[in-house]
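Shown here: input36.tsv, TSV, C-alpha atoms.
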chain	number	residue	atom	x	y	z
A	1	MET	CA	79.47	67.59	-21.23
A	2	SER	CA	76.82	66.06	-18.99
A	3	GLU	CA	77.24	62.65	-17.46
A	4	ARG	CA	74.25	61.37	-19.41
A	5	ALA	CA	75.64	62.55	-22.72
A	6	ALA	CA	78.92	60.86	-21.89
A	7	GLY	CA	77.04	57.63	-21.37
A	8	TYR	CA	78.31	56.94	-17.86
A	9	GLY	CA	76.13	54.39	-16.09
A	10	ASP	CA	73.61	54.20	-18.92
A	11	PRO	CA	71.99	50.76	-18.78
A	12	ALA	CA	71.57	48.93	-22.04
A	13	PRO	CA	67.99	49.49	-23.21
A	14	ILE	CA	65.73	46.56	-22.49
A	15	GLU	CA	63.92	45.55	-25.64
A	16	LEU	CA	60.89	43.60	-24.62
A	17	ASP	CA	58.94	41.98	-27.41
A	18	ARG	CA	56.02	44.39	-27.55
A	19	LEU	CA	53.93	41.94	-29.52
A	20	ILE	CA	53.99	39.56	-26.55
A	21	HIS	CA	54.10	42.27	-23.88
A	22	GLU	CA	50.51	43.38	-24.47
A	23	PRO	CA	48.48	41.82	-21.56
A	24	ALA	CA	45.86	40.01	-23.62
A	25	ARG	CA	48.43	38.57	-26.04
A	26	LEU	CA	50.66	37.56	-23.13
A	27	LEU	CA	47.73	35.66	-21.65
A	28	LEU	CA	47.04	33.98	-24.99
A	29	MET	CA	50.71	33.10	-25.53
A	30	ALA	CA	51.07	31.70	-21.98
A	31	ASN	CA	47.98	29.54	-22.39
A	32	LEU	CA	49.24	28.23	-25.71
A	33	ALA	CA	52.77	27.65	-24.37
A	34	ILE	CA	51.53	25.01	-21.91
A	35	VAL	CA	49.81	22.90	-24.58
A	36	ASP	CA	50.67	21.47	-27.95
A	37	LYS	CA	47.59	22.97	-29.57
A	38	ALA	CA	44.19	24.16	-28.42
A	39	ASP	CA	41.00	25.39	-29.96
A	40	PHE	CA	39.22	28.71	-29.78
A	41	VAL	CA	36.88	27.52	-27.00
A	42	TYR	CA	39.85	26.67	-24.76
A	43	LEU	CA	41.39	30.12	-25.21
A	44	SER	CA	38.05	31.79	-24.62
A	45	ALA	CA	37.42	29.79	-21.42
A	46	ARG	CA	40.95	30.27	-20.08
A	47	THR	CA	41.35	33.95	-20.84
A	48	ARG	CA	37.75	35.24	-20.70
A	49	LEU	CA	38.56	37.44	-23.67
A	50	THR	CA	35.81	38.15	-26.17
A	51	ALA	CA	35.70	36.33	-29.50
A	52	GLY	CA	36.62	39.51	-31.37
A	53	ASN	CA	39.57	40.16	-29.08
A	54	ILE	CA	40.92	36.65	-29.46
A	55	SER	CA	40.57	36.76	-33.22
A	56	SER	CA	42.30	40.10	-33.63
A	57	HIS	CA	45.20	39.24	-31.31
A	58	MET	CA	45.62	35.86	-32.94
A	59	SER	CA	45.74	37.48	-36.36
A	60	ARG	CA	48.63	39.67	-35.20
A	61	LEU	CA	50.47	36.74	-33.63
A	62	GLU	CA	49.90	34.68	-36.75
A	63	ALA	CA	51.19	37.51	-38.95
A	64	ALA	CA	54.36	37.62	-36.83
A	65	GLY	CA	54.82	33.88	-37.31
A	66	TYR	CA	54.30	33.13	-33.62
A	67	VAL	CA	51.07	31.19	-33.98
A	68	ARG	CA	49.82	28.64	-36.49
A	69	VAL	CA	46.07	28.59	-37.14
A	70	GLU	CA	44.26	25.51	-38.43
A	71	LYS	CA	40.63	25.34	-39.45
A	72	SER	CA	38.92	21.97	-39.37
A	73	PHE	CA	35.64	20.29	-38.50
A	74	ALA	CA	34.84	18.30	-35.37
A	75	GLY	CA	31.87	16.37	-36.66
A	76	ARG	CA	29.73	19.06	-38.29
A	77	LYS	CA	31.05	21.89	-36.18
A	78	PRO	CA	33.88	24.11	-37.37
A	79	ARG	CA	36.93	24.11	-35.11
A	80	THR	CA	39.70	26.69	-35.15
A	81	THR	CA	42.88	25.36	-33.56
A	82	TYR	CA	45.89	27.41	-32.50
A	83	ALA	CA	49.43	26.31	-31.79
A	84	LEU	CA	52.64	28.16	-31.07
A	85	THR	CA	55.21	27.81	-33.83
A	86	GLU	CA	58.88	27.17	-33.03
A	87	THR	CA	59.46	30.89	-33.62
A	88	GLY	CA	56.66	31.68	-31.21
A	89	ARG	CA	58.00	29.34	-28.53
A	90	SER	CA	61.51	30.81	-28.85
A	91	ALA	CA	60.15	34.36	-28.70
A	92	PHE	CA	58.07	33.51	-25.64
A	93	ALA	CA	61.05	31.86	-23.90
A	94	ARG	CA	63.18	34.91	-24.65
A	95	TYR	CA	60.48	37.24	-23.36
A	96	ARG	CA	60.19	35.22	-20.13
A	97	GLN	CA	63.96	35.40	-19.64
A	98	GLN	CA	63.96	39.14	-20.12
A	99	VAL	CA	61.07	39.76	-17.74
A	100	ASP	CA	62.51	37.33	-15.16
A	101	GLY	CA	65.79	39.22	-15.29
A	102	LEU	CA	64.08	42.58	-15.11
A	103	LEU	CA	61.99	41.69	-12.07
A	104	ARG	CA	64.56	39.61	-10.22
A	105	ASP	CA	65.39	40.93	-6.77
A	106	GLY	CA	69.06	41.85	-7.05
A	107	ARG	CA	69.66	42.50	-3.34
B	1	MET	CA	45.62	34.34	-4.57
B	2	GLY	CA	46.66	30.89	-3.38
B	3	GLU	CA	49.00	29.61	-6.05
B	4	SER	CA	51.73	31.60	-7.72
B	5	ILE	CA	51.25	32.30	-11.41
B	6	ASP	CA	53.77	30.25	-13.30
B	7	LEU	CA	53.51	28.08	-16.38
B	8	ARG	CA	53.63	24.82	-14.43
B	9	ASN	CA	50.68	25.88	-12.27
B	10	LEU	CA	48.87	27.19	-15.31
B	11	GLU	CA	49.28	23.84	-17.06
B	12	ARG	CA	48.25	21.88	-13.97
B	13	GLU	CA	45.20	24.05	-13.53
B	14	ALA	CA	44.22	23.74	-17.19
B	15	TYR	CA	44.61	19.95	-16.98
B	16	ARG	CA	42.60	19.74	-13.76
B	17	ALA	CA	39.86	21.89	-15.28
B	18	GLN	CA	39.33	19.19	-17.91
B	19	TRP	CA	38.24	16.85	-15.10
B	20	SER	CA	36.23	19.33	-13.04
B	21	ASP	CA	32.88	18.52	-14.64
B	22	GLY	CA	32.05	15.87	-12.02
B	23	LEU	CA	31.05	13.22	-14.58
B	24	ILE	CA	33.88	10.93	-13.51
B	25	ASP	CA	32.74	11.28	-9.88
B	26	ILE	CA	29.18	10.40	-10.84
B	27	TYR	CA	30.44	7.42	-12.86
B	28	LEU	CA	32.63	6.31	-9.94
B	29	GLY	CA	29.78	6.83	-7.47
B	30	LEU	CA	27.23	4.88	-9.50
B	31	SER	CA	29.77	2.10	-10.11
B	32	LEU	CA	30.48	1.85	-6.37
B	33	LEU	CA	26.75	1.86	-5.59
B	34	TRP	CA	26.26	-0.94	-8.10
B	35	LEU	CA	29.17	-2.93	-6.65
B	36	GLY	CA	27.96	-2.22	-3.11
B	37	VAL	CA	24.45	-3.47	-3.85
B	38	MET	CA	25.84	-6.59	-5.51
B	39	TRP	CA	28.26	-7.36	-2.67
B	40	THR	CA	25.71	-6.67	0.06
B	41	TRP	CA	22.45	-8.11	-1.19
B	42	VAL	CA	23.07	-10.10	-4.38
B	43	ASN	CA	26.00	-12.28	-3.42
B	44	GLU	CA	25.30	-14.76	-6.22
B	45	PHE	CA	27.02	-12.77	-9.00
B	46	SER	CA	28.94	-10.23	-6.96
B	47	GLY	CA	32.33	-11.36	-8.32
B	48	LEU	CA	31.19	-10.46	-11.82
B	49	ALA	CA	29.71	-7.08	-10.85
B	50	GLY	CA	32.86	-5.23	-11.93
B	51	ILE	CA	32.15	-6.06	-15.58
B	52	LEU	CA	29.38	-3.46	-15.88
B	53	PRO	CA	31.48	-0.44	-14.77
B	54	ALA	CA	34.28	-1.70	-17.03
B	55	ILE	CA	31.89	-1.78	-20.01
B	56	PHE	CA	30.66	1.74	-19.31
B	57	VAL	CA	34.05	3.39	-18.88
B	58	THR	CA	34.57	4.03	-22.63
B	59	PRO	CA	31.11	5.56	-23.29
B	60	MET	CA	31.49	7.63	-20.12
B	61	LEU	CA	34.81	9.03	-21.29
B	62	ALA	CA	33.33	9.82	-24.73
B	63	VAL	CA	30.41	11.70	-23.14
B	64	HIS	CA	32.82	13.48	-20.78
B	65	ARG	CA	35.02	14.58	-23.68
B	66	ARG	CA	32.14	15.97	-25.77
B	67	PHE	CA	30.62	17.68	-22.77
B	68	VAL	CA	33.88	19.30	-21.64
B	69	GLU	CA	35.11	20.26	-25.12
B	70	ALA	CA	31.92	22.22	-25.81
B	71	ARG	CA	32.48	24.27	-22.66
B	72	ILE	CA	36.18	24.58	-21.97
B	73	GLY	CA	37.61	23.54	-25.27
B	74	HIS	CA	39.70	20.93	-27.01
B	75	VAL	CA	43.33	20.64	-25.97
B	76	GLU	CA	46.24	18.54	-27.17
B	77	TRP	CA	48.78	18.37	-24.36
B	78	ARG	CA	52.55	18.58	-24.51
B	79	PRO	CA	54.46	15.27	-24.88
B	80	ALA	CA	55.53	15.30	-21.20
B	81	ARG	CA	51.92	15.41	-20.01
B	82	ILE	CA	50.82	12.76	-22.52
B	83	GLY	CA	53.62	10.43	-21.39
B	84	TRP	CA	52.76	10.92	-17.74
B	85	GLU	CA	49.06	10.37	-18.48
B	86	ARG	CA	49.76	7.13	-20.36
B	87	ARG	CA	51.96	5.75	-17.57
B	88	SER	CA	49.28	6.54	-14.99
B	89	GLN	CA	46.56	4.95	-17.12
B	90	VAL	CA	48.59	1.74	-17.48
B	91	LEU	CA	49.07	1.61	-13.70
B	92	LEU	CA	45.34	2.15	-13.14
B	93	LEU	CA	44.49	-0.52	-15.71
B	94	VAL	CA	46.82	-2.99	-13.98
B	95	ALA	CA	45.21	-2.14	-10.61
B	96	GLY	CA	41.71	-2.54	-12.10
B	97	VAL	CA	42.53	-5.91	-13.65
B	98	GLY	CA	44.10	-6.92	-10.33
B	99	LEU	CA	40.90	-5.98	-8.51
B	100	PHE	CA	38.84	-7.96	-10.98
B	101	GLY	CA	41.22	-10.95	-10.55
B	102	VAL	CA	40.90	-10.80	-6.76
B	103	THR	CA	37.10	-10.72	-6.85
B	104	ILE	CA	36.89	-13.57	-9.37
B	105	GLY	CA	39.43	-15.58	-7.34
B	106	ALA	CA	37.48	-14.97	-4.14
B	107	LEU	CA	34.26	-16.03	-5.86
B	108	ILE	CA	35.76	-19.27	-7.19
B	109	ILE	CA	37.33	-20.21	-3.85
B	110	SER	CA	34.13	-19.53	-1.88
B	111	ARG	CA	32.08	-21.45	-4.49
B	112	ASN	CA	34.39	-24.44	-3.99
B	113	GLY	CA	33.74	-24.46	-0.26
B	114	GLY	CA	36.79	-22.46	0.70
B	115	GLY	CA	34.74	-20.13	2.90
B	116	HIS	CA	35.68	-16.43	2.85
B	117	ALA	CA	38.80	-16.33	0.71
B	118	VAL	CA	39.41	-12.69	1.52
B	119	GLY	CA	38.41	-10.53	4.48
B	120	PRO	CA	35.42	-8.26	3.89
B	121	GLY	CA	37.57	-5.14	4.01
B	122	ILE	CA	40.07	-6.17	1.33
B	123	LEU	CA	37.89	-5.09	-1.60
B	124	ALA	CA	37.34	-1.66	-0.08
B	125	TRP	CA	41.07	-1.24	0.44
B	126	ILE	CA	41.86	-2.19	-3.16
B	127	LEU	CA	39.23	0.30	-4.34
B	128	ALA	CA	40.79	2.87	-2.00
B	129	ALA	CA	44.13	2.28	-3.73
B	130	LEU	CA	42.40	2.85	-7.10
B	131	CYS	CA	40.99	6.13	-5.81
B	132	VAL	CA	44.47	7.24	-4.77
B	133	GLY	CA	45.68	6.37	-8.29
B	134	LEU	CA	42.84	8.41	-9.81
B	135	SER	CA	43.69	11.29	-7.50
B	136	VAL	CA	47.24	11.35	-8.83
B	137	LEU	CA	46.16	10.91	-12.46
B	138	LEU	CA	43.51	13.63	-12.43
B	139	GLY	CA	45.14	15.91	-9.87
B	140	ALA	CA	41.88	15.65	-7.92
B	141	ARG	CA	42.25	15.70	-4.15
B	142	ARG	CA	38.63	14.73	-3.63
B	143	MET	CA	39.52	11.24	-4.88
B	144	LEU	CA	41.78	10.94	-1.84
B	145	LEU	CA	38.74	11.59	0.34
B	146	TYR	CA	36.87	8.79	-1.43
B	147	GLY	CA	39.90	6.60	-0.74
B	148	VAL	CA	39.78	7.52	2.96
B	149	VAL	CA	36.05	6.67	3.12
B	150	LEU	CA	36.79	3.28	1.57
B	151	LEU	CA	39.78	2.72	3.84
B	152	ILE	CA	37.83	3.48	7.02
B	153	GLY	CA	34.82	1.54	5.71
B	154	GLY	CA	37.10	-1.44	5.06
B	155	VAL	CA	38.38	-1.34	8.64
B	156	ALA	CA	34.81	-1.08	9.94
B	157	VAL	CA	33.51	-4.11	8.02
B	158	GLU	CA	36.60	-6.10	9.01
B	159	LEU	CA	35.98	-5.34	12.69
B	160	ALA	CA	32.23	-5.96	12.45
B	161	ASP	CA	32.62	-8.88	10.04
B	162	ALA	CA	29.93	-7.20	7.93
B	163	GLU	CA	29.18	-7.49	4.22
B	164	PRO	CA	32.01	-6.07	2.04
B	165	GLY	CA	29.57	-3.89	0.09
B	166	TRP	CA	28.94	-1.30	2.81
B	167	PRO	CA	32.10	0.81	2.30
B	168	MET	CA	31.33	0.84	-1.45
B	169	LEU	CA	27.79	2.03	-0.78
B	170	ALA	CA	29.02	4.78	1.55
B	171	CYS	CA	31.66	5.96	-0.89
B	172	GLY	CA	29.26	5.59	-3.82
B	173	VAL	CA	26.78	7.96	-2.18
B	174	ALA	CA	29.56	10.46	-1.37
B	175	ALA	CA	31.01	10.39	-4.91
B	176	THR	CA	27.60	10.65	-6.62
B	177	ILE	CA	26.54	13.62	-4.50
B	178	THR	CA	29.92	15.35	-4.95
B	179	GLY	CA	29.84	14.72	-8.70
B	180	SER	CA	26.31	16.10	-9.00
B	181	PHE	CA	27.29	19.32	-7.24
B	182	MET	CA	30.41	19.64	-9.41
B	183	LEU	CA	28.39	19.05	-12.57
B	184	ARG	CA	25.93	21.76	-11.63
B	185	ARG	CA	28.72	24.23	-10.83
B	186	PHE	CA	30.59	23.35	-14.03
B	187	VAL	CA	27.51	23.96	-16.19
B	188	GLU	CA	26.84	27.28	-14.44
B	189	ARG	CA	30.43	28.48	-14.79
B	190	HIS	CA	31.08	27.22	-18.29
B	191	PRO	CA	28.29	27.79	-20.78
B	192	VAL	CA	28.67	26.30	-24.23
B	193	VAL	CA	30.99	28.54	-26.28
B	194	ARG	CA	30.10	29.15	-29.90
B	195	THR	CA	33.03	29.24	-32.31
B	196	PRO	CA	32.86	32.37	-34.49
Mind turning this structure into structure tokens?
Amino acid sequence: MSERAAGYGDPAPIELDRLIHEPARLLLMANLAIVDKADFVYLSARTRLTAGNISSHMSRLEAAGYVRVEKSFAGRKPRTTYALTETGRSAFARYRQQVDGLLRDGR
Amino acid sequence: MGESIDLRNLEREAYRAQWSDGLIDIYLGLSLLWLGVMWTWVNEFSGLAGILPAIFVTPMLAVHRRFVEARIGHVEWRPARIGWERRSQVLLLVAGVGLFGVTIGALIISRNGGGHAVGPGILAWILAALCVGLSVLLGARRMLLYGVVLLIGGVAVELADAEPGWPMLACGVAATITGSFMLRRFVERHPVVRTP
């Protein structure tokens, strides 16, 4: 029996949250984590992602329960506001912990 | 890259960006120019000159908010930032009212034949302290430079026994020019974003 099959020294698999791990979504999550809520213009200015990109990523994050989307009007202009939910904040904190641990210099 | 990428820096940078349009510098510069003119050439009502900038602070902030929100978005900050912002604003308000009290007091004493109630540099130094407060509140180091201009100007008018308005005029010109450059850069970098 090989050593691998016996399981000697096999590290536990690291299960990063792939929904957050995608670079554009990570950028969106990080920029939402530092505020209570922010509108579409803020995310667009901070991330330089296109409108279509932001919308599609936000739809996925909203579907996962990580982001809450509110539609309102500021005067006559429509405003779409995004905020991380408690689930989203917990998931993001967990993701940060995992990545911190993974990249920490163990020497 | 100068700063490390962490959430604290990200938040600080996002907050600072909200004040990078230069409008507050232009407002500060024009206010100082107004005060400088009043304290240098129109001594009659100079003690009351601070009323005008005080009146314009609310409309200026409303214009600033609309202008910035159209370009870099609307943000509601986390409770920690809001608390810190409120404490800083209260301190600035207290300092502003204190400045107004000093100028009114100086005016009344000099009107009653008390001569120069305060040295010519005192006003510049109080304004310098306000600039330092603004620097902390907005995370804007340039406000420290305005404070230094006022500080040095205050020393100069004390030594030369000159009119107290000169440091305000010097700093007013510096802040207005800086603000104008910042405004131009801000508009170039941040076009109005249309919400889909």
If the cut-off is 12 Å, can you tell me the residues of chain B near chain A, counting all atoms listed in the file? I'd like them as a ChimeraX atom specification.
/B:5-15,17-18,66,68-82,186,189-196
Which distance in Å separates CA of Gln98 (chain A) and CA of Val67 (chain A), to one decimal?
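These atoms are spaced 20.5 Å apart.
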Can you tell me which residues surround Ile14 (chain A) at a distance of at most 12 Å, considering only C-alpha atoms, apart from same-chain residues fewer than 4 positions away, and format the answer as an mmCIF file with C-alpha atoms, keeping the file's coordinate frame?
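What follows is the written file result.cif:
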data_model
loop_
_atom_site.group_PDB
_atom_site.id
_atom_site.type_symbol
_atom_site.label_atom_id
_atom_site.label_comp_id
_atom_site.auth_asym_id
_atom_site.auth_seq_id
_atom_site.Cartn_x
_atom_site.Cartn_y
_atom_site.Cartn_z
ATOM 1 C CA ASP A 10 73.610 54.200 -18.920
ATOM 2 C CA ARG A 18 56.020 44.390 -27.550
ATOM 3 C CA TYR A 95 60.480 37.240 -23.360
ATOM 4 C CA GLN A 97 63.960 35.400 -19.640
ATOM 5 C CA GLN A 98 63.960 39.140 -20.120
ATOM 6 C CA VAL A 99 61.070 39.760 -17.740
ATOM 7 C CA GLY A 101 65.790 39.220 -15.290
ATOM 8 C CA LEU A 102 64.080 42.580 -15.110
#
Excluding Gly36 (chain B) and its own-chain neighbours fewer than 5 positions away, which residues fall within 6 Å of it when counting all atoms listed in the file? Please give them as a PyMOL selection string.
chain B and resi 165+168-169
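The point (30.5, 13.1, -7.1) has these residues within 8 Å of it when all atoms listed in the file are used: Gly22, Leu23, Ile24, Asp25, Ile26, Leu28, Gly29, Ala174, Ala175, Thr176, Ile177, Thr178, Gly179, Ser180, Phe181 and Met182 of chain B.
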Can those selected residues be exported to a file as a compact mmCIF listing (two decimals), in the frame of the given file so that it contains C-alpha atoms?
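That gives us again_6.txt:
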# COMPACT_ATOMS: atom_id res chain seq x y z
CA GLY B 22 32.05 15.87 -12.02
CA LEU B 23 31.05 13.22 -14.58
CA ILE B 24 33.88 10.93 -13.51
CA ASP B 25 32.74 11.28 -9.88
CA ILE B 26 29.18 10.40 -10.84
CA LEU B 28 32.63 6.31 -9.94
CA GLY B 29 29.78 6.83 -7.47
CA ALA B 174 29.56 10.46 -1.37
CA ALA B 175 31.01 10.39 -4.91
CA THR B 176 27.60 10.65 -6.62
CA ILE B 177 26.54 13.62 -4.50
CA THR B 178 29.92 15.35 -4.95
CA GLY B 179 29.84 14.72 -8.70
CA SER B 180 26.31 16.10 -9.00
CA PHE B 181 27.29 19.32 -7.24
CA MET B 182 30.41 19.64 -9.41
Mind pulling up the distance from CA of Ser88 (chain B) to CA of Leu130 (chain B)?
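CA of Ser88 (chain B) lies 11.1 Å from CA of Leu130 (chain B).
Take CA of Glu85 (chain B) and CA of Leu145 (chain B): the distance between them is 21.5 Å.
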The residues within 9 Å of (44.2, 39.2, -21.8), using all atoms listed in the file and the coordinates of the file, should be reported as a VMD selection string; which are they?
chain A and resid 22 to 28 47 to 49 53 to 54
Residue subset to file, keeping C-alpha atoms, as a PDB file, keeping the file's coordinate frame:
ATOM      1  CA  GLU A  22      50.510  43.380 -24.470  1.00  0.00           C
ATOM      2  CA  PRO A  23      48.480  41.820 -21.560  1.00  0.00           C
ATOM      3  CA  ALA A  24      45.860  40.010 -23.620  1.00  0.00           C
ATOM      4  CA  ARG A  25      48.430  38.570 -26.040  1.00  0.00           C
ATOM      5  CA  LEU A  26      50.660  37.560 -23.130  1.00  0.00           C
ATOM      6  CA  LEU A  27      47.730  35.660 -21.650  1.00  0.00           C
ATOM      7  CA  LEU A  28      47.040  33.980 -24.990  1.00  0.00           C
ATOM      8  CA  THR A  47      41.350  33.950 -20.840  1.00  0.00           C
ATOM      9  CA  ARG A  48      37.750  35.240 -20.700  1.00  0.00           C
ATOM     10  CA  LEU A  49      38.560  37.440 -23.670  1.00  0.00           C
ATOM     11  CA  ASN A  53      39.570  40.160 -29.080  1.00  0.00           C
ATOM     12  CA  ILE A  54      40.920  36.650 -29.460  1.00  0.00           C
TER      13      ILE A  54
END
Taking 5 positions as the minimum chain separation for residues in the same chain, which residues sit within 12 Å of Gly133 (chain B) when counting only C-alpha atoms? Answer as a PyMOL selection string.
chain B and resi 85+87-96+126-128+138-144+146-147
Give me region 36-71 of chain A from this structure - C-alpha atoms, as a PDB file, in the first residue's frame.
ATOM      1  CA  ASP A  36     -22.717  49.472   6.191  1.00  0.00           C
ATOM      2  CA  LYS A  37     -24.243  49.821   2.738  1.00  0.00           C
ATOM      3  CA  ALA A  38     -23.263  51.394  -0.553  1.00  0.00           C
ATOM      4  CA  ASP A  39     -24.802  52.028  -3.917  1.00  0.00           C
ATOM      5  CA  PHE A  40     -23.951  50.767  -7.369  1.00  0.00           C
ATOM      6  CA  VAL A  41     -21.925  53.898  -8.221  1.00  0.00           C
ATOM      7  CA  TYR A  42     -19.645  53.326  -5.209  1.00  0.00           C
ATOM      8  CA  LEU A  43     -18.937  49.733  -6.224  1.00  0.00           C
ATOM      9  CA  SER A  44     -18.348  50.754  -9.811  1.00  0.00           C
ATOM     10  CA  ALA A  45     -15.922  53.541  -8.805  1.00  0.00           C
ATOM     11  CA  ARG A  46     -14.059  51.395  -6.270  1.00  0.00           C
ATOM     12  CA  THR A  47     -13.723  48.236  -8.331  1.00  0.00           C
ATOM     13  CA  ARG A  48     -13.701  49.575 -11.918  1.00  0.00           C
ATOM     14  CA  LEU A  49     -15.832  46.606 -12.902  1.00  0.00           C
ATOM     15  CA  THR A  50     -18.372  47.064 -15.665  1.00  0.00           C
ATOM     16  CA  ALA A  51     -22.057  47.481 -14.851  1.00  0.00           C
ATOM     17  CA  GLY A  52     -22.855  44.047 -16.286  1.00  0.00           C
ATOM     18  CA  ASN A  53     -20.114  42.415 -14.232  1.00  0.00           C
ATOM     19  CA  ILE A  54     -21.260  44.022 -11.013  1.00  0.00           C
ATOM     20  CA  SER A  55     -24.865  43.062 -11.638  1.00  0.00           C
ATOM     21  CA  SER A  56     -24.117  39.436 -12.437  1.00  0.00           C
ATOM     22  CA  HIS A  57     -21.763  38.946  -9.469  1.00  0.00           C
ATOM     23  CA  MET A  58     -24.192  40.670  -7.146  1.00  0.00           C
ATOM     24  CA  SER A  59     -26.991  38.412  -8.330  1.00  0.00           C
ATOM     25  CA  ARG A  60     -24.917  35.361  -7.381  1.00  0.00           C
ATOM     26  CA  LEU A  61     -23.981  36.821  -3.996  1.00  0.00           C
ATOM     27  CA  GLU A  62     -27.591  37.761  -3.382  1.00  0.00           C
ATOM     28  CA  ALA A  63     -28.750  34.255  -4.327  1.00  0.00           C
ATOM     29  CA  ALA A  64     -26.294  32.827  -1.778  1.00  0.00           C
ATOM     30  CA  GLY A  65     -27.712  35.127   0.896  1.00  0.00           C
ATOM     31  CA  TYR A  66     -24.465  37.077   1.237  1.00  0.00           C
ATOM     32  CA  VAL A  67     -25.758  40.388  -0.066  1.00  0.00           C
ATOM     33  CA  ARG A  68     -29.005  42.280   0.378  1.00  0.00           C
ATOM     34  CA  VAL A  69     -30.119  44.455  -2.538  1.00  0.00           C
ATOM     35  CA  GLU A  70     -32.421  47.440  -2.103  1.00  0.00           C
ATOM     36  CA  LYS A  71     -33.906  49.515  -4.884  1.00  0.00           C
TER      37      LYS A  71
END
